[in-house]
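File shown here: input_39.cif, holding mmCIF, C-alpha atoms.
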```
data_entry
#
loop_
_atom_site.group_PDB
_atom_site.id
_atom_site.type_symbol
_atom_site.label_atom_id
_atom_site.label_comp_id
_atom_site.auth_asym_id
_atom_site.auth_seq_id
_atom_site.Cartn_x
_atom_site.Cartn_y
_atom_site.Cartn_z
ATOM 1 C CA MET A 1 20.310 2.017 11.594
ATOM 2 C CA ASP A 2 22.755 4.443 13.133
ATOM 3 C CA ASN A 3 24.601 7.199 11.401
ATOM 4 C CA HIS A 4 27.769 6.760 13.455
ATOM 5 C CA MET A 5 28.975 9.771 15.375
ATOM 6 C CA ASN A 6 32.152 11.511 14.429
ATOM 7 C CA SER A 7 34.369 12.780 17.198
ATOM 8 C CA HIS A 8 34.403 16.258 15.699
ATOM 9 C CA ALA A 9 30.615 16.333 15.870
ATOM 10 C CA ASN A 10 30.767 16.327 19.646
ATOM 11 C CA GLY A 11 34.105 17.771 20.505
ATOM 12 C CA SER A 12 36.405 15.990 22.914
ATOM 13 C CA LEU A 13 34.292 13.517 24.877
ATOM 14 C CA ASN A 14 34.728 12.660 28.533
ATOM 15 C CA LEU A 15 33.890 8.973 28.692
ATOM 16 C CA ASN A 16 32.655 9.370 32.264
ATOM 17 C CA SER A 17 30.134 12.028 31.271
ATOM 18 C CA PRO A 18 26.891 11.753 29.282
ATOM 19 C CA GLU A 19 27.265 12.367 25.584
ATOM 20 C CA HIS A 20 26.421 16.010 24.850
ATOM 21 C CA TRP A 21 24.766 17.495 21.766
ATOM 22 C CA PRO A 22 23.646 21.059 21.037
ATOM 23 C CA VAL A 23 20.189 19.740 20.043
ATOM 24 C CA ILE A 24 18.480 16.401 20.647
ATOM 25 C CA VAL A 25 15.268 15.588 18.777
ATOM 26 C CA ILE A 26 13.004 12.890 20.220
ATOM 27 C CA GLY A 27 11.191 11.112 17.394
ATOM 28 C CA ALA A 28 12.253 10.173 13.837
ATOM 29 C CA GLY A 29 8.955 10.871 12.139
ATOM 30 C CA PRO A 30 8.625 13.380 9.285
ATOM 31 C CA VAL A 31 8.387 16.368 11.631
ATOM 32 C CA GLY A 32 11.408 15.403 13.721
ATOM 33 C CA LEU A 33 13.559 14.608 10.686
ATOM 34 C CA PHE A 34 12.375 17.690 8.787
ATOM 35 C CA MET A 35 13.445 19.832 11.728
ATOM 36 C CA THR A 36 16.744 17.961 11.856
ATOM 37 C CA ILE A 37 17.592 18.520 8.195
ATOM 38 C CA ASN A 38 16.862 22.230 8.583
ATOM 39 C CA LEU A 39 19.091 22.425 11.648
ATOM 40 C CA ALA A 40 21.837 20.600 9.751
ATOM 41 C CA ARG A 41 21.579 23.080 6.884
ATOM 42 C CA VAL A 42 22.569 25.915 9.223
ATOM 43 C CA GLY A 43 25.317 23.933 10.903
ATOM 44 C CA VAL A 44 23.613 22.855 14.135
ATOM 45 C CA LYS A 45 24.835 19.469 15.369
ATOM 46 C CA THR A 46 21.819 17.315 16.177
ATOM 47 C CA LEU A 47 21.086 13.857 17.573
ATOM 48 C CA VAL A 48 17.766 12.150 16.747
ATOM 49 C CA LEU A 49 16.509 9.407 19.086
ATOM 50 C CA GLU A 50 13.657 7.123 18.016
ATOM 51 C CA LYS A 51 12.068 4.332 20.068
ATOM 52 C CA GLY A 52 11.142 2.224 17.027
ATOM 53 C CA ASP A 53 13.599 0.021 15.188
ATOM 54 C CA GLY A 54 13.201 1.963 11.933
ATOM 55 C CA ILE A 55 10.924 4.318 10.050
ATOM 56 C CA ASP A 56 7.271 3.749 11.021
ATOM 57 C CA GLN A 57 5.666 1.938 8.071
ATOM 58 C CA SER A 58 2.015 2.273 9.141
ATOM 59 C CA PRO A 59 -0.387 4.148 6.803
ATOM 60 C CA ARG A 60 -0.478 7.795 7.825
ATOM 61 C CA ALA A 61 -0.452 11.091 5.911
ATOM 62 C CA THR A 62 -0.459 11.001 2.103
ATOM 63 C CA SER A 63 -1.119 14.463 0.644
ATOM 64 C CA TYR A 64 1.111 17.545 0.666
ATOM 65 C CA GLN A 65 0.066 20.913 -0.677
ATOM 66 C CA PRO A 66 2.221 23.601 -2.376
ATOM 67 C CA CYS A 67 2.958 25.373 0.924
ATOM 68 C CA VAL A 68 4.586 22.167 2.224
ATOM 69 C CA MET A 69 6.325 21.557 -1.096
ATOM 70 C CA ALA A 70 7.925 24.987 -0.787
ATOM 71 C CA GLU A 71 9.498 23.876 2.494
ATOM 72 C CA MET A 72 10.677 20.643 0.844
ATOM 73 C CA HIS A 73 12.235 22.684 -1.960
ATOM 74 C CA GLU A 74 14.057 24.926 0.476
ATOM 75 C CA CYS A 75 15.717 22.026 2.293
ATOM 76 C CA GLY A 76 16.602 20.202 -0.926
ATOM 77 C CA ILE A 77 14.376 17.119 -0.852
ATOM 78 C CA LEU A 78 11.512 18.102 -3.153
ATOM 79 C CA GLU A 79 12.800 16.597 -6.400
ATOM 80 C CA ASP A 80 13.485 13.233 -4.754
ATOM 81 C CA VAL A 81 10.064 13.247 -3.082
ATOM 82 C CA LYS A 82 8.338 14.116 -6.369
ATOM 83 C CA LYS A 83 9.977 11.093 -8.050
ATOM 84 C CA LYS A 84 8.126 8.892 -5.559
ATOM 85 C CA SER A 85 4.839 10.813 -5.638
ATOM 86 C CA MET A 86 1.692 11.229 -7.701
ATOM 87 C CA VAL A 87 0.419 14.644 -8.773
ATOM 88 C CA ASN A 88 -2.636 15.657 -6.765
ATOM 89 C CA ASP A 89 -4.312 18.181 -9.047
ATOM 90 C CA ILE A 90 -8.016 17.238 -9.028
ATOM 91 C CA ILE A 91 -10.273 16.470 -6.096
ATOM 92 C CA SER A 92 -13.652 14.905 -6.895
ATOM 93 C CA TYR A 93 -16.788 14.666 -4.757
ATOM 94 C CA TRP A 94 -18.960 11.558 -5.085
ATOM 95 C CA ILE A 95 -22.314 10.367 -3.772
ATOM 96 C CA GLY A 96 -23.987 6.976 -3.827
ATOM 97 C CA LYS A 97 -24.069 4.007 -1.463
ATOM 98 C CA GLY A 98 -22.718 0.950 -3.209
ATOM 99 C CA PRO A 99 -21.193 0.328 -6.642
ATOM 100 C CA ARG A 100 -22.937 3.150 -8.534
ATOM 101 C CA LYS A 101 -21.288 6.471 -7.821
ATOM 102 C CA GLU A 102 -22.111 9.915 -9.164
ATOM 103 C CA ARG A 103 -19.519 12.667 -9.281
ATOM 104 C CA ILE A 104 -21.344 15.810 -8.263
ATOM 105 C CA SER A 105 -18.425 18.220 -8.296
ATOM 106 C CA PHE A 106 -14.686 18.507 -8.762
ATOM 107 C CA VAL A 107 -12.014 21.105 -8.116
ATOM 108 C CA GLU A 108 -8.801 21.572 -10.070
ATOM 109 C CA LYS A 109 -6.126 22.392 -7.526
ATOM 110 C CA LEU A 110 -3.727 24.638 -9.382
ATOM 111 C CA GLU A 111 -2.915 27.205 -6.717
ATOM 112 C CA GLY A 112 0.840 26.685 -6.562
ATOM 113 C CA GLY A 113 2.025 28.759 -9.531
ATOM 114 C CA LYS A 114 4.729 27.532 -11.912
ATOM 115 C CA LEU A 115 7.028 25.970 -9.335
ATOM 116 C CA PHE A 116 4.334 24.072 -7.416
ATOM 117 C CA PRO A 117 1.314 23.894 -9.747
ATOM 118 C CA ALA A 118 -0.469 21.282 -7.633
ATOM 119 C CA GLY A 119 -0.105 19.138 -4.535
ATOM 120 C CA ILE A 120 1.436 15.673 -4.444
ATOM 121 C CA ASN A 121 0.434 12.342 -2.923
ATOM 122 C CA CYS A 122 3.124 10.274 -1.227
ATOM 123 C CA GLY A 123 2.939 7.802 1.639
ATOM 124 C CA GLN A 124 4.348 9.200 4.878
ATOM 125 C CA PRO A 125 6.860 6.326 5.312
ATOM 126 C CA VAL A 126 8.251 7.100 1.844
ATOM 127 C CA LEU A 127 8.554 10.812 2.645
ATOM 128 C CA THR A 128 10.178 10.106 6.005
ATOM 129 C CA GLN A 129 12.697 7.676 4.503
ATOM 130 C CA THR A 130 13.574 10.240 1.827
ATOM 131 C CA ILE A 131 14.343 12.864 4.467
ATOM 132 C CA LEU A 132 16.450 10.356 6.410
ATOM 133 C CA ASP A 133 18.368 9.376 3.270
ATOM 134 C CA HIS A 134 19.213 13.042 2.656
ATOM 135 C CA ILE A 135 20.397 13.485 6.239
ATOM 136 C CA LEU A 136 22.654 10.439 6.025
ATOM 137 C CA ALA A 137 23.966 11.379 2.577
ATOM 138 C CA HIS A 138 24.595 15.084 3.106
ATOM 139 C CA HIS A 139 24.789 15.800 6.840
ATOM 140 C CA SER A 140 26.454 12.754 8.389
ATOM 141 C CA GLN A 141 29.277 14.842 9.804
ATOM 142 C CA SER A 142 26.967 16.793 12.080
ATOM 143 C CA THR A 143 23.930 14.573 12.590
ATOM 144 C CA SER A 144 23.256 11.146 14.113
ATOM 145 C CA VAL A 145 19.979 9.205 13.970
ATOM 146 C CA ARG A 146 19.621 6.318 16.427
ATOM 147 C CA PHE A 147 16.756 3.864 16.655
ATOM 148 C CA THR A 148 15.476 1.676 19.530
ATOM 149 C CA GLN A 149 16.112 4.538 21.985
ATOM 150 C CA ARG A 150 13.045 5.199 24.160
ATOM 151 C CA LEU A 151 12.967 8.294 26.335
ATOM 152 C CA GLU A 152 12.613 7.286 29.994
ATOM 153 C CA SER A 153 13.362 10.414 32.006
ATOM 154 C CA LEU A 154 14.093 14.093 31.540
ATOM 155 C CA GLU A 155 15.777 16.562 33.885
ATOM 156 C CA GLU A 156 16.235 20.219 33.049
ATOM 157 C CA THR A 157 18.623 22.814 34.429
ATOM 158 C CA GLU A 158 19.184 26.432 33.511
ATOM 159 C CA SER A 159 21.979 25.525 31.105
ATOM 160 C CA SER A 160 21.115 22.056 29.751
ATOM 161 C CA VAL A 161 18.711 19.123 29.567
ATOM 162 C CA LYS A 162 19.672 15.642 30.764
ATOM 163 C CA ILE A 163 17.766 12.621 29.493
ATOM 164 C CA SER A 164 17.903 8.883 29.945
ATOM 165 C CA CYS A 165 16.913 6.492 27.146
ATOM 166 C CA LYS A 166 16.259 2.767 27.277
ATOM 167 C CA ASN A 167 17.751 0.588 24.552
ATOM 168 C CA MET A 168 14.717 -1.346 23.290
ATOM 169 C CA ASN A 169 16.984 -4.091 21.936
ATOM 170 C CA SER A 170 18.617 -4.671 25.313
ATOM 171 C CA GLU A 171 17.306 -7.583 27.341
ATOM 172 C CA ASP A 172 18.724 -6.192 30.589
ATOM 173 C CA GLY A 173 17.045 -2.775 30.267
ATOM 174 C CA GLN A 174 20.265 -0.960 29.399
ATOM 175 C CA THR A 175 19.931 2.824 29.490
ATOM 176 C CA THR A 176 22.051 5.623 28.063
ATOM 177 C CA GLU A 177 22.241 9.180 29.342
ATOM 178 C CA TYR A 178 22.592 12.203 27.098
ATOM 179 C CA THR A 179 22.740 15.931 27.668
ATOM 180 C CA CYS A 180 21.856 18.721 25.281
ATOM 181 C CA SER A 181 21.518 22.469 25.184
ATOM 182 C CA TRP A 182 18.045 22.224 23.646
ATOM 183 C CA LEU A 183 15.547 19.359 23.442
ATOM 184 C CA VAL A 184 12.756 18.980 20.850
ATOM 185 C CA GLY A 185 9.859 16.598 21.428
ATOM 186 C CA ALA A 186 8.621 15.330 18.056
ATOM 187 C CA ASP A 187 7.309 12.057 19.479
ATOM 188 C CA GLY A 188 3.658 12.188 18.507
ATOM 189 C CA ALA A 189 0.378 12.747 20.300
ATOM 190 C CA GLY A 190 1.327 10.282 23.039
ATOM 191 C CA SER A 191 4.535 12.287 23.538
ATOM 192 C CA THR A 192 6.702 11.069 26.406
ATOM 193 C CA THR A 193 8.558 14.384 26.182
ATOM 194 C CA ARG A 194 5.356 16.327 26.865
ATOM 195 C CA LYS A 195 4.401 14.029 29.736
ATOM 196 C CA GLN A 196 7.866 14.289 31.301
ATOM 197 C CA LEU A 197 7.588 18.073 31.118
ATOM 198 C CA GLY A 198 4.175 18.000 32.799
ATOM 199 C CA ILE A 199 2.518 19.946 29.967
ATOM 200 C CA ALA A 200 -1.241 19.443 29.683
ATOM 201 C CA PHE A 201 -2.690 18.157 26.390
ATOM 202 C CA GLU A 202 -5.932 20.078 26.400
ATOM 203 C CA GLY A 203 -9.026 19.193 24.380
ATOM 204 C CA PHE A 204 -10.883 15.955 23.711
ATOM 205 C CA SER A 205 -10.972 12.736 21.692
ATOM 206 C CA TRP A 206 -13.929 12.267 19.365
ATOM 207 C CA PRO A 207 -16.127 9.612 20.993
ATOM 208 C CA LYS A 208 -18.394 8.329 18.206
ATOM 209 C CA GLU A 209 -15.993 7.135 15.536
ATOM 210 C CA ASP A 210 -12.408 6.050 14.944
ATOM 211 C CA PHE A 211 -10.560 6.427 11.662
ATOM 212 C CA CYS A 212 -9.087 3.602 9.555
ATOM 213 C CA ALA A 213 -6.405 4.242 6.937
ATOM 214 C CA SER A 214 -6.047 1.368 4.478
ATOM 215 C CA ASN A 215 -3.640 0.915 1.572
ATOM 216 C CA VAL A 216 -5.343 -1.093 -1.153
ATOM 217 C CA ARG A 217 -5.048 -2.052 -4.818
ATOM 218 C CA TYR A 218 -8.284 -1.575 -6.758
ATOM 219 C CA PRO A 219 -8.862 0.025 -10.204
ATOM 220 C CA PHE A 220 -10.514 3.233 -8.989
ATOM 221 C CA GLU A 221 -9.285 5.070 -12.108
ATOM 222 C CA LYS A 222 -11.411 2.703 -14.218
ATOM 223 C CA TYR A 223 -14.481 4.346 -12.672
ATOM 224 C CA GLY A 224 -13.314 7.903 -13.232
ATOM 225 C CA PHE A 225 -11.716 8.517 -9.846
ATOM 226 C CA THR A 226 -9.142 11.320 -9.813
ATOM 227 C CA PRO A 227 -5.963 11.609 -7.682
ATOM 228 C CA ALA A 228 -8.063 12.736 -4.680
ATOM 229 C CA ASN A 229 -11.697 11.806 -3.969
ATOM 230 C CA LEU A 230 -14.256 12.320 -1.227
ATOM 231 C CA ILE A 231 -17.238 9.979 -0.799
ATOM 232 C CA LEU A 232 -19.971 12.107 0.767
ATOM 233 C CA ASP A 233 -22.116 10.116 3.175
ATOM 234 C CA PRO A 234 -23.031 10.572 6.864
ATOM 235 C CA VAL A 235 -22.031 6.966 7.653
ATOM 236 C CA HIS A 236 -20.039 5.429 4.796
ATOM 237 C CA TRP A 237 -17.863 8.426 3.995
ATOM 238 C CA ALA A 238 -14.355 7.941 2.651
ATOM 239 C CA VAL A 239 -11.236 9.741 1.445
ATOM 240 C CA ILE A 240 -9.581 7.970 -1.502
ATOM 241 C CA THR A 241 -6.246 9.045 -3.014
ATOM 242 C CA ILE A 242 -3.671 7.409 -5.248
ATOM 243 C CA ILE A 243 -0.261 7.284 -3.557
ATOM 244 C CA ASP A 244 2.186 5.731 -5.999
ATOM 245 C CA ASP A 245 2.621 4.676 -9.626
ATOM 246 C CA THR A 246 2.114 0.968 -8.902
ATOM 247 C CA GLY A 247 -1.642 1.403 -8.454
ATOM 248 C CA LEU A 248 -1.613 1.665 -4.665
ATOM 249 C CA TRP A 249 -4.481 3.746 -3.270
ATOM 250 C CA ARG A 250 -5.295 5.037 0.187
ATOM 251 C CA CYS A 251 -8.879 4.487 1.334
ATOM 252 C CA ALA A 252 -9.699 6.065 4.695
ATOM 253 C CA PHE A 253 -13.063 5.640 6.381
ATOM 254 C CA GLY A 254 -14.822 5.625 9.752
ATOM 255 C CA VAL A 255 -15.217 2.625 12.076
ATOM 256 C CA ARG A 256 -16.775 1.941 15.457
ATOM 257 C CA PRO A 257 -14.590 3.266 18.283
ATOM 258 C CA GLY A 258 -12.297 0.815 20.011
ATOM 259 C CA MET A 259 -11.904 -1.682 17.163
ATOM 260 C CA THR A 260 -8.542 -3.379 16.577
ATOM 261 C CA ASN A 261 -6.821 -3.718 13.200
ATOM 262 C CA GLU A 262 -7.703 -7.416 13.202
ATOM 263 C CA GLU A 263 -11.396 -6.731 13.861
ATOM 264 C CA ILE A 264 -11.527 -4.158 11.062
ATOM 265 C CA SER A 265 -9.803 -6.539 8.649
ATOM 266 C CA ALA A 266 -12.379 -9.218 9.411
ATOM 267 C CA GLU A 267 -15.272 -6.965 8.372
ATOM 268 C CA LEU A 268 -13.547 -4.957 5.645
ATOM 269 C CA ASP A 269 -15.981 -5.981 2.914
ATOM 270 C CA GLU A 270 -18.824 -4.489 4.959
ATOM 271 C CA HIS A 271 -17.143 -1.097 4.609
ATOM 272 C CA TYR A 272 -15.762 -1.355 1.094
ATOM 273 C CA LYS A 273 -19.044 -2.502 -0.469
ATOM 274 C CA TYR A 274 -20.556 0.917 0.306
ATOM 275 C CA ILE A 275 -17.445 2.851 -0.726
ATOM 276 C CA PHE A 276 -15.888 1.227 -3.802
ATOM 277 C CA PRO A 277 -17.277 2.084 -7.251
ATOM 278 C CA GLY A 278 -18.126 -1.014 -9.284
ATOM 279 C CA TRP A 279 -18.054 -3.238 -6.196
ATOM 280 C CA PRO A 280 -16.997 -6.030 -6.077
ATOM 281 C CA GLY A 281 -15.353 -5.785 -9.492
ATOM 282 C CA ASP A 282 -12.504 -8.271 -9.752
ATOM 283 C CA GLY A 283 -11.743 -7.981 -6.056
ATOM 284 C CA TYR A 284 -9.135 -5.941 -4.219
ATOM 285 C CA GLU A 285 -5.774 -6.489 -2.567
ATOM 286 C CA LEU A 286 -5.388 -5.140 0.954
ATOM 287 C CA VAL A 287 -1.773 -4.130 1.496
ATOM 288 C CA GLN A 288 -1.986 -2.581 4.942
ATOM 289 C CA LEU A 289 -4.343 -0.860 7.369
ATOM 290 C CA ASN A 290 -4.168 0.902 10.689
ATOM 291 C CA VAL A 291 -6.759 2.418 13.009
ATOM 292 C CA TYR A 292 -6.458 5.898 14.533
ATOM 293 C CA LYS A 293 -8.190 7.847 17.261
ATOM 294 C CA PRO A 294 -9.438 11.286 16.164
ATOM 295 C CA HIS A 295 -8.478 14.054 18.564
ATOM 296 C CA GLN A 296 -8.934 17.754 18.966
ATOM 297 C CA ARG A 297 -6.091 18.523 21.342
ATOM 298 C CA CYS A 298 -3.397 21.126 21.855
ATOM 299 C CA ALA A 299 -0.599 21.391 24.396
ATOM 300 C CA SER A 300 -1.072 24.183 26.911
ATOM 301 C CA GLN A 301 2.383 25.476 25.951
ATOM 302 C CA PHE A 302 4.834 24.597 23.177
ATOM 303 C CA ARG A 303 7.964 25.556 25.119
ATOM 304 C CA LYS A 304 9.093 24.934 28.649
ATOM 305 C CA GLY A 305 12.576 26.162 29.490
ATOM 306 C CA ARG A 306 14.994 24.524 27.066
ATOM 307 C CA CYS A 307 12.424 22.070 25.720
ATOM 308 C CA PHE A 308 10.083 22.452 22.750
ATOM 309 C CA LEU A 309 7.131 20.482 21.370
ATOM 310 C CA VAL A 310 6.456 20.163 17.636
ATOM 311 C CA GLY A 311 4.052 18.267 15.391
ATOM 312 C CA ASP A 312 1.491 15.987 17.018
ATOM 313 C CA ALA A 313 3.303 16.277 20.343
ATOM 314 C CA ALA A 314 2.139 19.900 20.346
ATOM 315 C CA HIS A 315 -1.245 19.660 18.611
ATOM 316 C CA ALA A 316 -3.209 16.699 17.289
ATOM 317 C CA SER A 317 -6.383 16.345 15.282
ATOM 318 C CA LEU A 318 -5.848 12.727 14.245
ATOM 319 C CA THR A 319 -3.504 10.085 15.612
ATOM 320 C CA CYS A 320 -3.305 6.473 16.703
#
```

Final structure tokens representation of the file:
Amino acid sequence: MDNHMNSHANGSLNLNSPEHWPVIVIGAGPVGLFMTINLARVGVKTLVLEKGDGIDQSPRATSYQPCVMAEMHECGILEDVKKKSMVNDIISYWIGKGPRKERISFVEKLEGGKLFPAGINCGQPVLTQTILDHILAHHSQSTSVRFTQRLESLEETESSVKISCKNMNSEDGQTTEYTCSWLVGADGAGSTTRKQLGIAFEGFSWPKEDFCASNVRYPFEKYGFTPANLILDPVHWAVITIIDDTGLWRCAFGVRPGMTNEEISAELDEHYKYIFPGWPGDGYELVQLNVYKPHQRCASQFRKGRCFLVGDAAHASLTC
């Protein structure tokens, strides 16, 4: 997918020179695209470059609180996001290993006033696609989003930043050079931007446990589960939230470090039997899962010259 450039978005181009943009954002995740839509709103011409071939569909964030919804409202995407979301107004706390669960406490989350009375649950791929759709629909004259463009090198001068990107669809390793006045690295905890800038990612990765996010269909509401739920257990803990109106739930839990998605899938029942109320019930449908490495890391600086780091590229507590 490429929102084709318009000549007036870049001025008169010299075909022998790298394409120049005022701002280039590396990474088309929710942070990179959210920054882009805000830049577009104030008239800043921006190019987004993403190494993947589309929006990342892996299970990631799901819950957004009123403070985030206020930002969505300001940039004009909130109503569309809410149409694809579930209200997150009650969080329940449960104990019990196995099918019998006891709710020991719950909290009504109504801190957002009249405009944002509660949080919302929405899968990150859905949120990200919604932001992209708004960019393409309302800011196509000033913004371009290009996929399969992997950052390979970065060179900074006092007046600009020059980068080279590999076309991931090219069999001969074709690269394209770009220049910009300002560069934003929104390319995740493994940020190539940060590495190219030589910025340290200080902190540590948690050694004892990895984190699995699974999207699953199971009738949690039948057992009294609310839009957000925490299973309290030192081993078989879980976070369970509903993420759309088709009955899709997110169940996140801990696994042994170093496991692959395939290995987790093979032993999924050994986790779910401790977590799911009413197990095994009528069975479940696994839609998707992905494993993540928990971190406690922060970049030693968020800006270096004309380059900035945002999102997980700047600070990470959980990532794959």

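Taking all atoms listed in the file into account, A:Phe116 lies nearest to A:Gln65 out of the set A:Thr148, A:Gln65, A:Ser140, A:Thr260.
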
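Selection result for the displayed file, with the PyMOL selection byres ((chain A and resi 161) around 8) as criterion, is A:Leu154, A:Glu155, A:Glu156, A:Thr157, A:Ser159, A:Ser160, A:Lys162, A:Ile163, A:Thr179, A:Cys180, A:Ser181, A:Trp182, A:Leu183, A:Arg306, A:Cys307.
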
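Across A:Ser63, A:Ser17, A:Gln296, A:Thr36, the tightest approach to A:Gly203 is made by A:Gln296 when counting all atoms listed in the file.
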
Skipping near chain neighbours, those fewer than 3 positions away, what residues fall within 9 Å of A:Val87 using only C-alpha atoms, listed as a ChimeraX atom specification?
-> /A:82,90,118-121,227

Writer output for current selection, C-alpha atoms, as an mmCIF file, in the coordinates of the input:
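In the end it all went to part-v4.cif:
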```cif
data_model
loop_
_atom_site.group_PDB
_atom_site.id
_atom_site.type_symbol
_atom_site.label_atom_id
_atom_site.label_comp_id
_atom_site.auth_asym_id
_atom_site.auth_seq_id
_atom_site.Cartn_x
_atom_site.Cartn_y
_atom_site.Cartn_z
ATOM 1 C CA LYS A 82 8.338 14.116 -6.369
ATOM 2 C CA ILE A 90 -8.016 17.238 -9.028
ATOM 3 C CA ALA A 118 -0.469 21.282 -7.633
ATOM 4 C CA GLY A 119 -0.105 19.138 -4.535
ATOM 5 C CA ILE A 120 1.436 15.673 -4.444
ATOM 6 C CA ASN A 121 0.434 12.342 -2.923
ATOM 7 C CA PRO A 227 -5.963 11.609 -7.682
#
```

Evaluate the PyMOL selection byres ((chain A and resi 23) around 9) and report residues as a ChimeraX atom specification = /A:20-22,24-25,39,44-48,179-184

Name the residues captured by the PyMOL selection byres ((chain A and resi 186-191) around 8) when it is applied to the shown file; answer as a list of chain:residue names.
-> A:Val25, A:Ile26, A:Gly27, A:Ala28, A:Gly29, A:Val31, A:Gly32, A:Val184, A:Gly185, A:Thr192, A:Thr193, A:Arg194, A:Lys195, A:Leu309, A:Val310, A:Gly311, A:Asp312, A:Ala313, A:Ala314, A:His315, A:Ala316, A:Thr319

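The gap separating atom CA of A:Gln124 from atom CA of A:Val255 is 21.9 Å, in Å to one decimal.
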
Atom CA of A:His236 to atom CA of A:Tyr93 measures 13.7 Å

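With only C-alpha atoms as the basis for measurement, A:Ile242 is the residue among A:Met86, A:Val291, A:Ile242, A:Ile37 that approaches A:Ala228 most closely.
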
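By all atoms listed in the file, and with residues fewer than 4 positions from A:Leu115 along its chain excluded, the set lying at most 10 Å from it is Pro66, Met69, Ala70 and His73 of chain A.
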
Any chance you could build stretch 304-319 of chain A out to N, CA and C atoms and write it as a PDB file, in the coordinates of the input?
```pdb
ATOM      1  N   LYS A 304       8.886  24.877  27.219  1.00  0.00           N
ATOM      2  CA  LYS A 304       9.093  24.934  28.649  1.00  0.00           C
ATOM      3  C   LYS A 304      10.592  24.912  28.896  1.00  0.00           C
ATOM      4  N   GLY A 305      11.134  26.058  29.290  1.00  0.00           N
ATOM      5  CA  GLY A 305      12.576  26.162  29.490  1.00  0.00           C
ATOM      6  C   GLY A 305      13.337  25.899  28.208  1.00  0.00           C
ATOM      7  N   ARG A 306      14.173  24.880  28.219  1.00  0.00           N
ATOM      8  CA  ARG A 306      14.994  24.524  27.066  1.00  0.00           C
ATOM      9  C   ARG A 306      14.373  23.423  26.218  1.00  0.00           C
ATOM     10  N   CYS A 307      13.100  23.150  26.429  1.00  0.00           N
ATOM     11  CA  CYS A 307      12.424  22.070  25.720  1.00  0.00           C
ATOM     12  C   CYS A 307      11.279  22.616  24.871  1.00  0.00           C
ATOM     13  N   PHE A 308      11.115  22.036  23.687  1.00  0.00           N
ATOM     14  CA  PHE A 308      10.083  22.452  22.750  1.00  0.00           C
ATOM     15  C   PHE A 308       9.254  21.246  22.319  1.00  0.00           C
ATOM     16  N   LEU A 309       8.001  21.505  21.946  1.00  0.00           N
ATOM     17  CA  LEU A 309       7.131  20.482  21.370  1.00  0.00           C
ATOM     18  C   LEU A 309       6.778  20.878  19.949  1.00  0.00           C
ATOM     19  N   VAL A 310       6.806  19.892  19.027  1.00  0.00           N
ATOM     20  CA  VAL A 310       6.456  20.163  17.636  1.00  0.00           C
ATOM     21  C   VAL A 310       5.577  19.031  17.117  1.00  0.00           C
ATOM     22  N   GLY A 311       4.885  19.289  16.012  1.00  0.00           N
ATOM     23  CA  GLY A 311       4.052  18.267  15.391  1.00  0.00           C
ATOM     24  C   GLY A 311       2.935  17.812  16.299  1.00  0.00           C
ATOM     25  N   ASP A 312       2.590  16.527  16.224  1.00  0.00           N
ATOM     26  CA  ASP A 312       1.491  15.987  17.018  1.00  0.00           C
ATOM     27  C   ASP A 312       1.760  16.034  18.510  1.00  0.00           C
ATOM     28  N   ALA A 313       3.006  16.131  18.915  1.00  0.00           N
ATOM     29  CA  ALA A 313       3.303  16.277  20.343  1.00  0.00           C
ATOM     30  C   ALA A 313       2.766  17.604  20.861  1.00  0.00           C
ATOM     31  N   ALA A 314       2.629  18.578  19.959  1.00  0.00           N
ATOM     32  CA  ALA A 314       2.139  19.900  20.346  1.00  0.00           C
ATOM     33  C   ALA A 314       0.652  20.079  20.065  1.00  0.00           C
ATOM     34  N   HIS A 315       0.164  19.492  18.973  1.00  0.00           N
ATOM     35  CA  HIS A 315      -1.245  19.660  18.611  1.00  0.00           C
ATOM     36  C   HIS A 315      -1.661  18.489  17.731  1.00  0.00           C
ATOM     37  N   ALA A 316      -2.785  17.895  18.015  1.00  0.00           N
ATOM     38  CA  ALA A 316      -3.209  16.699  17.289  1.00  0.00           C
ATOM     39  C   ALA A 316      -4.678  16.772  16.939  1.00  0.00           C
ATOM     40  N   SER A 317      -4.983  16.485  15.681  1.00  0.00           N
ATOM     41  CA  SER A 317      -6.383  16.345  15.282  1.00  0.00           C
ATOM     42  C   SER A 317      -6.704  14.912  14.880  1.00  0.00           C
ATOM     43  N   LEU A 318      -5.644  14.118  14.608  1.00  0.00           N
ATOM     44  CA  LEU A 318      -5.848  12.727  14.245  1.00  0.00           C
ATOM     45  C   LEU A 318      -4.580  11.960  14.534  1.00  0.00           C
ATOM     46  N   THR A 319      -4.690  10.890  15.313  1.00  0.00           N
ATOM     47  CA  THR A 319      -3.504  10.085  15.612  1.00  0.00           C
ATOM     48  C   THR A 319      -3.931   8.727  16.111  1.00  0.00           C
TER      49      THR A 319
END
```
